[in-house]
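Participant: Provided herewith: run-v4.cif, mmCIF, N, CA and C atoms and all ligand atoms.
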data_structure
loop_
_atom_site.label_atom_id
_atom_site.label_comp_id
_atom_site.auth_asym_id
_atom_site.auth_seq_id
_atom_site.Cartn_x
_atom_site.Cartn_y
_atom_site.Cartn_z
N ALA A 279 -6.64 7.33 5.14
CA ALA A 279 -6.92 8.67 5.69
C ALA A 279 -5.68 9.20 6.42
N PRO A 280 -5.46 10.51 6.35
CA PRO A 280 -4.29 11.05 7.06
C PRO A 280 -4.41 10.80 8.56
N ARG A 281 -3.29 10.50 9.17
CA ARG A 281 -3.33 10.20 10.59
C ARG A 281 -3.42 11.47 11.44
N GLN A 282 -3.17 12.61 10.79
CA GLN A 282 -3.27 13.86 11.52
C GLN A 282 -3.84 14.93 10.61
N GLU A 283 -4.87 15.66 11.08
CA GLU A 283 -5.46 16.74 10.30
C GLU A 283 -4.44 17.87 10.17
N ALA A 284 -4.50 18.57 9.03
CA ALA A 284 -3.58 19.68 8.80
C ALA A 284 -3.75 20.78 9.85
N THR A 285 -4.94 20.85 10.43
CA THR A 285 -5.22 21.92 11.39
C THR A 285 -4.74 21.58 12.80
N SER A 286 -4.52 20.28 13.08
CA SER A 286 -4.12 19.93 14.44
C SER A 286 -2.63 20.17 14.64
N LYS A 287 -2.24 20.26 15.87
CA LYS A 287 -0.87 20.62 16.21
C LYS A 287 0.12 19.53 15.79
N ILE A 288 1.25 19.95 15.24
CA ILE A 288 2.28 19.02 14.82
C ILE A 288 3.31 18.91 15.94
N VAL A 289 3.38 17.72 16.52
CA VAL A 289 4.28 17.49 17.65
C VAL A 289 5.24 16.36 17.29
N LEU A 290 6.54 16.65 17.40
CA LEU A 290 7.57 15.69 17.01
C LEU A 290 8.17 14.98 18.22
N ASP A 291 8.37 13.68 18.09
CA ASP A 291 9.09 12.88 19.09
C ASP A 291 10.58 13.06 18.80
N LEU A 292 11.26 13.85 19.63
CA LEU A 292 12.64 14.23 19.32
C LEU A 292 13.62 13.07 19.39
N GLU A 293 13.40 12.14 20.32
CA GLU A 293 14.32 11.00 20.44
C GLU A 293 14.31 10.19 19.15
N ARG A 294 13.10 9.96 18.64
CA ARG A 294 12.97 9.20 17.38
C ARG A 294 13.47 10.00 16.18
N LEU A 295 13.19 11.31 16.19
CA LEU A 295 13.63 12.15 15.08
C LEU A 295 15.16 12.21 15.00
N TYR A 296 15.80 12.29 16.15
CA TYR A 296 17.26 12.44 16.18
C TYR A 296 17.99 11.10 16.10
N ASP A 297 17.25 10.00 16.06
CA ASP A 297 17.82 8.67 15.84
C ASP A 297 18.62 8.69 14.53
N GLY A 298 19.93 8.47 14.63
CA GLY A 298 20.83 8.58 13.49
C GLY A 298 20.46 7.75 12.27
N ALA A 299 19.61 6.72 12.47
CA ALA A 299 19.24 5.83 11.36
C ALA A 299 18.27 6.49 10.37
N LYS A 300 17.58 7.56 10.80
CA LYS A 300 16.55 8.16 9.96
C LYS A 300 17.12 9.22 9.00
N GLU A 301 17.92 8.75 8.06
CA GLU A 301 18.60 9.65 7.12
C GLU A 301 17.62 10.49 6.31
N ASP A 302 16.47 9.90 5.96
CA ASP A 302 15.45 10.57 5.17
C ASP A 302 14.97 11.85 5.86
N LEU A 303 15.04 11.87 7.19
CA LEU A 303 14.53 13.01 7.95
C LEU A 303 15.64 13.91 8.48
N ALA A 304 16.84 13.80 7.92
CA ALA A 304 17.98 14.57 8.42
C ALA A 304 17.70 16.08 8.40
N SER A 305 17.02 16.56 7.37
CA SER A 305 16.74 17.99 7.27
C SER A 305 15.67 18.44 8.27
N VAL A 306 14.69 17.57 8.52
CA VAL A 306 13.69 17.88 9.55
C VAL A 306 14.39 17.98 10.91
N ALA A 307 15.33 17.07 11.14
CA ALA A 307 16.06 17.06 12.40
C ALA A 307 16.88 18.34 12.58
N ARG A 308 17.56 18.75 11.49
CA ARG A 308 18.34 20.00 11.55
C ARG A 308 17.44 21.19 11.86
N TYR A 309 16.27 21.22 11.21
CA TYR A 309 15.31 22.30 11.39
C TYR A 309 14.80 22.32 12.84
N ALA A 310 14.50 21.14 13.36
CA ALA A 310 14.00 21.04 14.74
C ALA A 310 15.05 21.52 15.74
N ARG A 311 16.32 21.17 15.48
CA ARG A 311 17.39 21.64 16.36
C ARG A 311 17.49 23.17 16.33
N ALA A 312 17.30 23.75 15.14
CA ALA A 312 17.34 25.21 15.01
C ALA A 312 16.19 25.85 15.79
N ILE A 313 14.99 25.25 15.73
CA ILE A 313 13.83 25.77 16.47
C ILE A 313 14.10 25.67 17.98
N GLN A 314 14.63 24.53 18.42
CA GLN A 314 14.96 24.38 19.85
C GLN A 314 15.90 25.49 20.30
N GLN A 315 16.90 25.81 19.44
CA GLN A 315 17.86 26.86 19.75
C GLN A 315 17.18 28.22 19.84
N GLN A 316 16.30 28.52 18.85
CA GLN A 316 15.62 29.82 18.85
C GLN A 316 14.75 30.00 20.08
N ARG A 317 14.13 28.89 20.55
CA ARG A 317 13.25 28.98 21.70
C ARG A 317 13.98 28.81 23.02
N GLY A 318 15.21 28.31 22.97
CA GLY A 318 15.89 27.93 24.21
C GLY A 318 15.21 26.73 24.86
N ASP A 319 14.59 25.89 24.01
CA ASP A 319 13.81 24.74 24.48
C ASP A 319 14.63 23.47 24.26
N TYR A 320 15.58 23.21 25.16
CA TYR A 320 16.56 22.15 24.93
C TYR A 320 16.23 20.82 25.57
N ASN A 321 15.38 20.83 26.60
CA ASN A 321 15.24 19.60 27.40
C ASN A 321 13.97 18.82 27.11
N GLY A 322 13.20 19.25 26.09
CA GLY A 322 11.95 18.56 25.83
C GLY A 322 12.14 17.22 25.13
N ARG A 323 11.23 16.29 25.38
CA ARG A 323 11.22 15.02 24.64
C ARG A 323 10.42 15.18 23.36
N VAL A 324 9.56 16.23 23.34
CA VAL A 324 8.77 16.51 22.14
C VAL A 324 8.93 17.99 21.79
N LEU A 325 8.57 18.32 20.55
CA LEU A 325 8.62 19.71 20.08
C LEU A 325 7.39 19.99 19.22
N SER A 326 6.61 21.00 19.62
CA SER A 326 5.48 21.44 18.79
C SER A 326 6.02 22.43 17.77
N ILE A 327 5.69 22.22 16.51
CA ILE A 327 6.23 23.12 15.48
C ILE A 327 5.12 23.90 14.77
N ARG A 328 5.51 25.04 14.20
CA ARG A 328 4.55 25.89 13.50
C ARG A 328 4.13 25.27 12.18
N ALA A 329 2.85 25.49 11.82
CA ALA A 329 2.34 25.02 10.53
C ALA A 329 3.14 25.61 9.38
N VAL A 330 3.57 26.89 9.51
CA VAL A 330 4.34 27.51 8.42
C VAL A 330 5.71 26.85 8.25
N ASP A 331 6.26 26.35 9.35
CA ASP A 331 7.55 25.66 9.25
C ASP A 331 7.40 24.30 8.59
N LEU A 332 6.27 23.64 8.84
CA LEU A 332 5.99 22.38 8.13
C LEU A 332 5.86 22.64 6.63
N GLN A 333 5.20 23.76 6.29
CA GLN A 333 5.05 24.12 4.87
C GLN A 333 6.41 24.35 4.22
N ALA A 334 7.29 25.06 4.92
CA ALA A 334 8.63 25.33 4.38
C ALA A 334 9.40 24.02 4.17
N LEU A 335 9.30 23.12 5.14
CA LEU A 335 9.98 21.83 5.03
C LEU A 335 9.42 21.00 3.87
N ALA A 336 8.09 21.10 3.68
CA ALA A 336 7.47 20.36 2.58
C ALA A 336 8.01 20.84 1.23
N VAL A 337 8.24 22.15 1.09
CA VAL A 337 8.84 22.68 -0.13
C VAL A 337 10.23 22.06 -0.33
N PHE A 338 10.98 22.02 0.74
CA PHE A 338 12.33 21.45 0.68
C PHE A 338 12.29 19.98 0.25
N TYR A 339 11.31 19.22 0.78
CA TYR A 339 11.19 17.80 0.46
C TYR A 339 10.41 17.57 -0.84
N ASP A 340 10.02 18.69 -1.52
CA ASP A 340 9.29 18.61 -2.78
C ASP A 340 8.02 17.76 -2.66
N CYS A 341 7.23 18.04 -1.60
CA CYS A 341 5.96 17.33 -1.42
C CYS A 341 4.98 18.30 -0.76
N THR A 342 3.75 17.83 -0.53
CA THR A 342 2.77 18.68 0.15
C THR A 342 2.94 18.52 1.66
N PRO A 343 2.43 19.50 2.44
CA PRO A 343 2.52 19.35 3.90
C PRO A 343 1.89 18.04 4.40
N SER A 344 0.75 17.64 3.81
CA SER A 344 0.13 16.39 4.29
C SER A 344 0.97 15.17 3.92
N GLU A 345 1.66 15.24 2.76
CA GLU A 345 2.56 14.14 2.40
C GLU A 345 3.75 14.07 3.36
N LEU A 346 4.23 15.25 3.78
CA LEU A 346 5.34 15.25 4.75
C LEU A 346 4.87 14.70 6.10
N ILE A 347 3.63 15.03 6.49
CA ILE A 347 3.07 14.48 7.73
C ILE A 347 2.99 12.95 7.64
N GLU A 348 2.55 12.45 6.47
CA GLU A 348 2.51 10.99 6.24
C GLU A 348 3.89 10.37 6.44
N ARG A 349 4.90 11.05 5.87
CA ARG A 349 6.27 10.57 5.93
C ARG A 349 6.76 10.53 7.38
N LEU A 350 6.45 11.61 8.12
CA LEU A 350 6.83 11.67 9.54
C LEU A 350 6.13 10.56 10.32
N ALA A 351 4.85 10.34 9.98
CA ALA A 351 4.09 9.28 10.67
C ALA A 351 4.67 7.91 10.35
N ASP A 352 5.04 7.69 9.08
CA ASP A 352 5.63 6.41 8.68
C ASP A 352 6.92 6.12 9.45
N HIS A 353 7.68 7.18 9.75
CA HIS A 353 8.92 7.02 10.50
C HIS A 353 8.67 6.98 12.02
N GLY A 354 7.41 7.12 12.40
CA GLY A 354 7.07 7.05 13.82
C GLY A 354 7.54 8.22 14.65
N VAL A 355 7.71 9.40 14.02
CA VAL A 355 8.20 10.56 14.78
C VAL A 355 7.09 11.56 15.14
N LEU A 356 5.83 11.26 14.77
CA LEU A 356 4.73 12.15 15.14
C LEU A 356 4.12 11.70 16.46
N VAL A 357 3.86 12.68 17.32
CA VAL A 357 3.15 12.39 18.56
C VAL A 357 1.71 12.86 18.38
N ALA A 358 0.76 11.91 18.38
CA ALA A 358 -0.64 12.25 18.15
C ALA A 358 -1.22 12.99 19.35
N ASP A 359 -0.88 12.54 20.54
CA ASP A 359 -1.43 13.11 21.76
C ASP A 359 -0.31 13.24 22.80
N PRO A 360 0.27 14.46 22.92
CA PRO A 360 1.41 14.64 23.82
C PRO A 360 1.11 14.23 25.27
N ARG A 361 -0.12 14.49 25.72
CA ARG A 361 -0.42 14.14 27.12
C ARG A 361 -0.43 12.63 27.33
N ALA A 362 -0.99 11.91 26.33
CA ALA A 362 -0.98 10.44 26.42
C ALA A 362 0.46 9.93 26.32
N PHE A 363 1.29 10.62 25.51
CA PHE A 363 2.70 10.26 25.33
C PHE A 363 3.42 10.28 26.67
N PHE A 364 3.14 11.31 27.48
CA PHE A 364 3.83 11.43 28.76
C PHE A 364 3.24 10.53 29.82
N ALA A 365 1.97 10.13 29.61
CA ALA A 365 1.33 9.25 30.58
C ALA A 365 1.84 7.82 30.44
N SER A 366 2.30 7.47 29.22
CA SER A 366 2.72 6.08 28.96
C SER A 366 4.12 5.80 29.50
P1 LIG B 1 8.68 35.68 17.79
O1 LIG B 1 8.08 34.98 16.62
O2 LIG B 1 8.67 37.18 17.77
O3 LIG B 1 7.91 35.18 19.08
C1 LIG B 1 8.18 35.77 20.33
C2 LIG B 1 7.59 34.91 21.42
O4 LIG B 1 6.15 34.83 21.26
C3 LIG B 1 8.09 33.47 21.42
O5 LIG B 1 9.29 33.41 22.17
C4 LIG B 1 6.94 32.76 22.12
O6 LIG B 1 7.02 32.93 23.53
C5 LIG B 1 5.73 33.50 21.60
N1 LIG B 1 5.13 32.85 20.43
C6 LIG B 1 5.16 33.25 19.15
N2 LIG B 1 4.42 32.45 18.37
C7 LIG B 1 3.90 31.50 19.19
C8 LIG B 1 3.04 30.38 18.98
O7 LIG B 1 2.55 30.06 17.88
N3 LIG B 1 2.77 29.64 20.08
C9 LIG B 1 3.28 29.93 21.29
N4 LIG B 1 2.99 29.11 22.31
N5 LIG B 1 4.06 30.98 21.53
C10 LIG B 1 4.37 31.76 20.48
P2 LIG B 1 10.28 32.15 21.93
O8 LIG B 1 9.53 30.87 21.97
O9 LIG B 1 11.39 32.31 22.92
O10 LIG B 1 10.85 32.36 20.47
C11 LIG B 1 11.76 33.43 20.19
C12 LIG B 1 11.86 33.66 18.70
O11 LIG B 1 12.43 32.50 18.08
C13 LIG B 1 10.54 33.90 18.01
O12 LIG B 1 10.18 35.25 18.05
C14 LIG B 1 10.85 33.46 16.58
O13 LIG B 1 11.54 34.49 15.90
C15 LIG B 1 11.81 32.31 16.80
N6 LIG B 1 11.08 31.03 16.85
C16 LIG B 1 10.82 30.27 17.94
N7 LIG B 1 10.18 29.16 17.61
C17 LIG B 1 10.00 29.22 16.28
C18 LIG B 1 9.38 28.34 15.34
O14 LIG B 1 8.83 27.28 15.65
N8 LIG B 1 9.41 28.71 14.03
C19 LIG B 1 9.95 29.90 13.63
N9 LIG B 1 9.88 30.20 12.33
N10 LIG B 1 10.55 30.75 14.48
C20 LIG B 1 10.57 30.41 15.78
P1 LIG B 2 2.99 21.03 29.57
O1 LIG B 2 4.14 21.91 29.21
O2 LIG B 2 2.75 20.77 31.04
O3 LIG B 2 1.67 21.66 28.93
C1 LIG B 2 0.40 21.10 29.23
C2 LIG B 2 -0.65 21.71 28.33
O4 LIG B 2 -0.71 23.13 28.54
C3 LIG B 2 -0.37 21.54 26.84
O5 LIG B 2 -0.83 20.31 26.39
C4 LIG B 2 -1.18 22.68 26.26
O6 LIG B 2 -2.56 22.36 26.24
C5 LIG B 2 -0.97 23.78 27.30
N1 LIG B 2 0.21 24.56 26.90
C6 LIG B 2 1.45 24.56 27.39
N2 LIG B 2 2.25 25.42 26.77
C7 LIG B 2 1.47 26.00 25.84
C8 LIG B 2 1.70 26.99 24.87
O7 LIG B 2 2.82 27.52 24.72
N3 LIG B 2 0.65 27.32 24.06
C9 LIG B 2 -0.58 26.77 24.22
N4 LIG B 2 -1.57 27.15 23.42
N5 LIG B 2 -0.85 25.82 25.11
C10 LIG B 2 0.17 25.46 25.91
P2 LIG B 2 -0.16 19.63 25.09
O8 LIG B 2 0.00 20.62 23.98
O9 LIG B 2 -0.98 18.43 24.80
O10 LIG B 2 1.32 19.24 25.53
C11 LIG B 2 1.53 18.21 26.48
C12 LIG B 2 2.97 18.20 26.92
O11 LIG B 2 3.81 17.96 25.81
C13 LIG B 2 3.46 19.52 27.52
O12 LIG B 2 3.12 19.59 28.90
C14 LIG B 2 4.95 19.43 27.31
O13 LIG B 2 5.53 18.64 28.33
C15 LIG B 2 5.05 18.67 25.99
N6 LIG B 2 5.26 19.59 24.87
C16 LIG B 2 4.42 19.88 23.84
N7 LIG B 2 5.00 20.70 22.96
C17 LIG B 2 6.26 20.93 23.42
C18 LIG B 2 7.37 21.69 22.93
O14 LIG B 2 7.35 22.33 21.84
N8 LIG B 2 8.49 21.68 23.69
C19 LIG B 2 8.56 21.01 24.87
N9 LIG B 2 9.72 21.08 25.58
N10 LIG B 2 7.55 20.28 25.37
C20 LIG B 2 6.42 20.24 24.63
P1 LIG B 3 -0.06 27.05 20.20
O1 LIG B 3 0.78 27.83 21.13
O2 LIG B 3 -1.23 26.31 20.78
O3 LIG B 3 -0.58 28.04 19.08
C1 LIG B 3 -1.60 27.66 18.13
C2 LIG B 3 -1.65 28.64 17.00
O4 LIG B 3 -2.03 29.94 17.51
C3 LIG B 3 -0.32 28.85 16.31
O5 LIG B 3 -0.16 27.83 15.34
C4 LIG B 3 -0.49 30.24 15.71
O6 LIG B 3 -1.26 30.17 14.55
C5 LIG B 3 -1.31 30.96 16.77
N1 LIG B 3 -0.43 31.70 17.72
C6 LIG B 3 -0.22 31.42 19.02
N2 LIG B 3 0.59 32.33 19.59
C7 LIG B 3 0.91 33.22 18.62
C8 LIG B 3 1.73 34.41 18.57
O7 LIG B 3 2.37 34.84 19.55
N3 LIG B 3 1.82 35.03 17.37
C9 LIG B 3 1.15 34.59 16.26
N4 LIG B 3 1.31 35.26 15.12
N5 LIG B 3 0.37 33.50 16.28
C10 LIG B 3 0.26 32.82 17.43
P2 LIG B 3 1.28 27.47 14.78
O8 LIG B 3 2.01 28.71 14.38
O9 LIG B 3 1.07 26.45 13.72
O10 LIG B 3 2.08 26.82 16.00
C11 LIG B 3 1.78 25.51 16.46
C12 LIG B 3 2.42 25.27 17.79
O11 LIG B 3 3.85 25.35 17.70
C13 LIG B 3 2.05 26.28 18.86
O12 LIG B 3 0.81 25.93 19.43
C14 LIG B 3 3.20 26.13 19.84
O13 LIG B 3 3.02 24.97 20.63
C15 LIG B 3 4.38 25.91 18.93
N6 LIG B 3 5.05 27.19 18.61
C16 LIG B 3 4.97 27.88 17.47
N7 LIG B 3 5.73 28.96 17.50
C17 LIG B 3 6.33 28.98 18.70
C18 LIG B 3 7.27 29.88 19.30
O14 LIG B 3 7.71 30.91 18.76
N8 LIG B 3 7.69 29.56 20.55
C19 LIG B 3 7.21 28.45 21.20
N9 LIG B 3 7.66 28.23 22.44
N10 LIG B 3 6.31 27.59 20.65
C20 LIG B 3 5.89 27.86 19.42
#
Go ahead and render the structure in this file as structure tokens.
Ligand code: C2E
Ligand code: C2E
Ligand code: C2E
Facilitator:
Amino acid sequence: APRQEATSKIVLDLERLYDGAKEDLASVARYARAIQQQRGDYNGRVLSIRAVDLQALAVFYDCTPSELIERLADHGVLVADPRAFFAS
């Protein structure tokens, strides 16, 4: 079963996403940096992204949005519960 419903908020762990070892996610990382720039949101440990932006990225990765979510989850860059993330 998918670890995250398509309707729930997509929250990225930026430290893990920007980890240089994750070459497969280089384009997601570039996109996230662009979003941070557009919002002026530079100091966050996490980033909530728009569903439409996930769709655009899925086109780029030639997969469905839920497959891209699976891929992000496999790389450990999805935050399921941001509040629990900050509590830990
Ligand atoms: P915009 O789309 O005209 O949004 C203007 C402002 O409305 C945003 O300023 C933000 O305060 C708010 N806003 C718009 N959509 C949402 C939303 O779904 N949730 C929340 N919480 N607030 C929302 P902000 O954040 O300074 O962004 C400035 C501009 O940067 C946006 O103008 C948009 O053109 C672009 N941008 C920012 N973040 C994203 C993003 O995640 N994806 C895309 N495609 N563009 C973004
Ligand atoms: P926070 O900034 O103190 O926000 C606490 C809660 O207020 C959020 O819980 C959410 O329920 C609500 N909230 C804050 N800003 C918005 C908003 O723009 N739109 C809406 N609809 N609700 C908002 P949530 O989503 O579980 O996030 C928990 C924490 O995760 C946030 O605490 C913040 O520290 C972090 N976070 C989540 N998304 C982002 C992001 O895109 N950028 C940054 N810098 N931090 C984020
Ligand atoms: P959120 O702030 O809790 O917003 C949830 C959903 O409400 C958004 O899902 C979008 O469908 C709608 N929404 C909220 N504010 C606006 C708005 O100003 N204009 C429009 N057209 N729709 C709005 P979405 O787009 O999938 O975004 C998911 C989350 O990504 C947002 O949760 C927010 O945390 C973040 N986000 C998206 N766009 C922006 C943005 O421009 N600036 C900031 N700071 N955060 C954004």
Participant: Once 8 Å is added on each side, what centre and edge lengths in Å to one decimal does the axis-aligned box around all listed atoms of ligand LIG 2 (chain B) have, as JSON?
Facilitator:
{"center_x": 3.6, "center_y": 22.7, "center_z": 26.4, "size_x": 28.3, "size_y": 25.6, "size_z": 25.2}
Participant: Can you measure atom N of Ser326 (chain A) to atom C11 of ligand LIG 3 (chain B) for me? One decimal in Å is fine.
Facilitator: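 Interatomic distance here is 7.3 Å.
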Participant: Could the residues that lie within 6.5 Å of ligand LIG 3 (chain B), counting all atoms listed in the file, be listed as a PyMOL selection string?
Facilitator: chain A and resi 287-288+317+326-330
Participant: Could you tell me how far CA of Thr342 (chain A) sits from atom C3 of ligand LIG 1 (chain B), in Å to one decimal place?
Facilitator: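 So the two atoms, atom C3 of ligand LIG 1 (chain B) and CA of Thr342 (chain A), lie 26.4 Å apart.
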Participant: Can you list, as a PyMOL selection string, all residues belonging to chain A that DSSP tags as helix (DSSP H, G or I)?
Facilitator: chain A and resi 292-295+301-317+329-338+343-352+360-365
Participant: Can I get the residues close to ligand LIG 2 (chain B) as a list in words, where close means within 7 Å and we count all atoms listed in the file?
Facilitator: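 Listing the residues within 7 Å of ligand LIG 2 (chain B) gives Val289, Asp319, Tyr320, Asn321, Gly322, Arg323, Val324, Leu325, Ser326, Ile327, Asp359, Pro360, Arg361, Ala362 and Phe364 of chain A.
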Participant: Enumerate as an mmCIF file with N, CA and C atoms, in the coordinates of the input all residues of chain A assigned to strand (DSSP E) by DSSP on the backbone, naming them with the chain letters and numbers the document uses.
Facilitator:
data_model
loop_
_atom_site.group_PDB
_atom_site.id
_atom_site.type_symbol
_atom_site.label_atom_id
_atom_site.label_comp_id
_atom_site.auth_asym_id
_atom_site.auth_seq_id
_atom_site.Cartn_x
_atom_site.Cartn_y
_atom_site.Cartn_z
ATOM 1 N N ILE A 288 1.250 19.950 15.240
ATOM 2 C CA ILE A 288 2.280 19.020 14.820
ATOM 3 C C ILE A 288 3.310 18.910 15.940
ATOM 4 N N VAL A 289 3.380 17.720 16.520
ATOM 5 C CA VAL A 289 4.280 17.490 17.650
ATOM 6 C C VAL A 289 5.240 16.360 17.290
ATOM 7 N N LEU A 290 6.540 16.650 17.400
ATOM 8 C CA LEU A 290 7.570 15.690 17.010
ATOM 9 C C LEU A 290 8.170 14.980 18.220
ATOM 10 N N ASP A 291 8.370 13.680 18.090
ATOM 11 C CA ASP A 291 9.090 12.880 19.090
ATOM 12 C C ASP A 291 10.580 13.060 18.800
ATOM 13 N N VAL A 324 9.560 16.230 23.340
ATOM 14 C CA VAL A 324 8.770 16.510 22.140
ATOM 15 C C VAL A 324 8.930 17.990 21.790
ATOM 16 N N LEU A 325 8.570 18.320 20.550
ATOM 17 C CA LEU A 325 8.620 19.710 20.080
ATOM 18 C C LEU A 325 7.390 19.990 19.220
ATOM 19 N N SER A 326 6.610 21.000 19.620
ATOM 20 C CA SER A 326 5.480 21.440 18.790
ATOM 21 C C SER A 326 6.020 22.430 17.770
ATOM 22 N N ILE A 327 5.690 22.220 16.510
ATOM 23 C CA ILE A 327 6.230 23.120 15.480
ATOM 24 C C ILE A 327 5.120 23.900 14.770
#
Participant: Take atom C of Tyr309 (chain A) and atom N of Ser366 (chain A) and report the distance between them in Å, one decimal.
Facilitator: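 For atom C of Tyr309 (chain A) relative to atom N of Ser366 (chain A), the distance reads 25.4 Å.
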Participant: Ranking A:Ile313, A:Ala365, A:Ala307, A:Ala334 by minimum distance to ligand LIG 1 (chain B) and counting all atoms listed in the file, which one comes first?
Facilitator: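 Smallest separation from ligand LIG 1 (chain B) among the options: A:Ile313.
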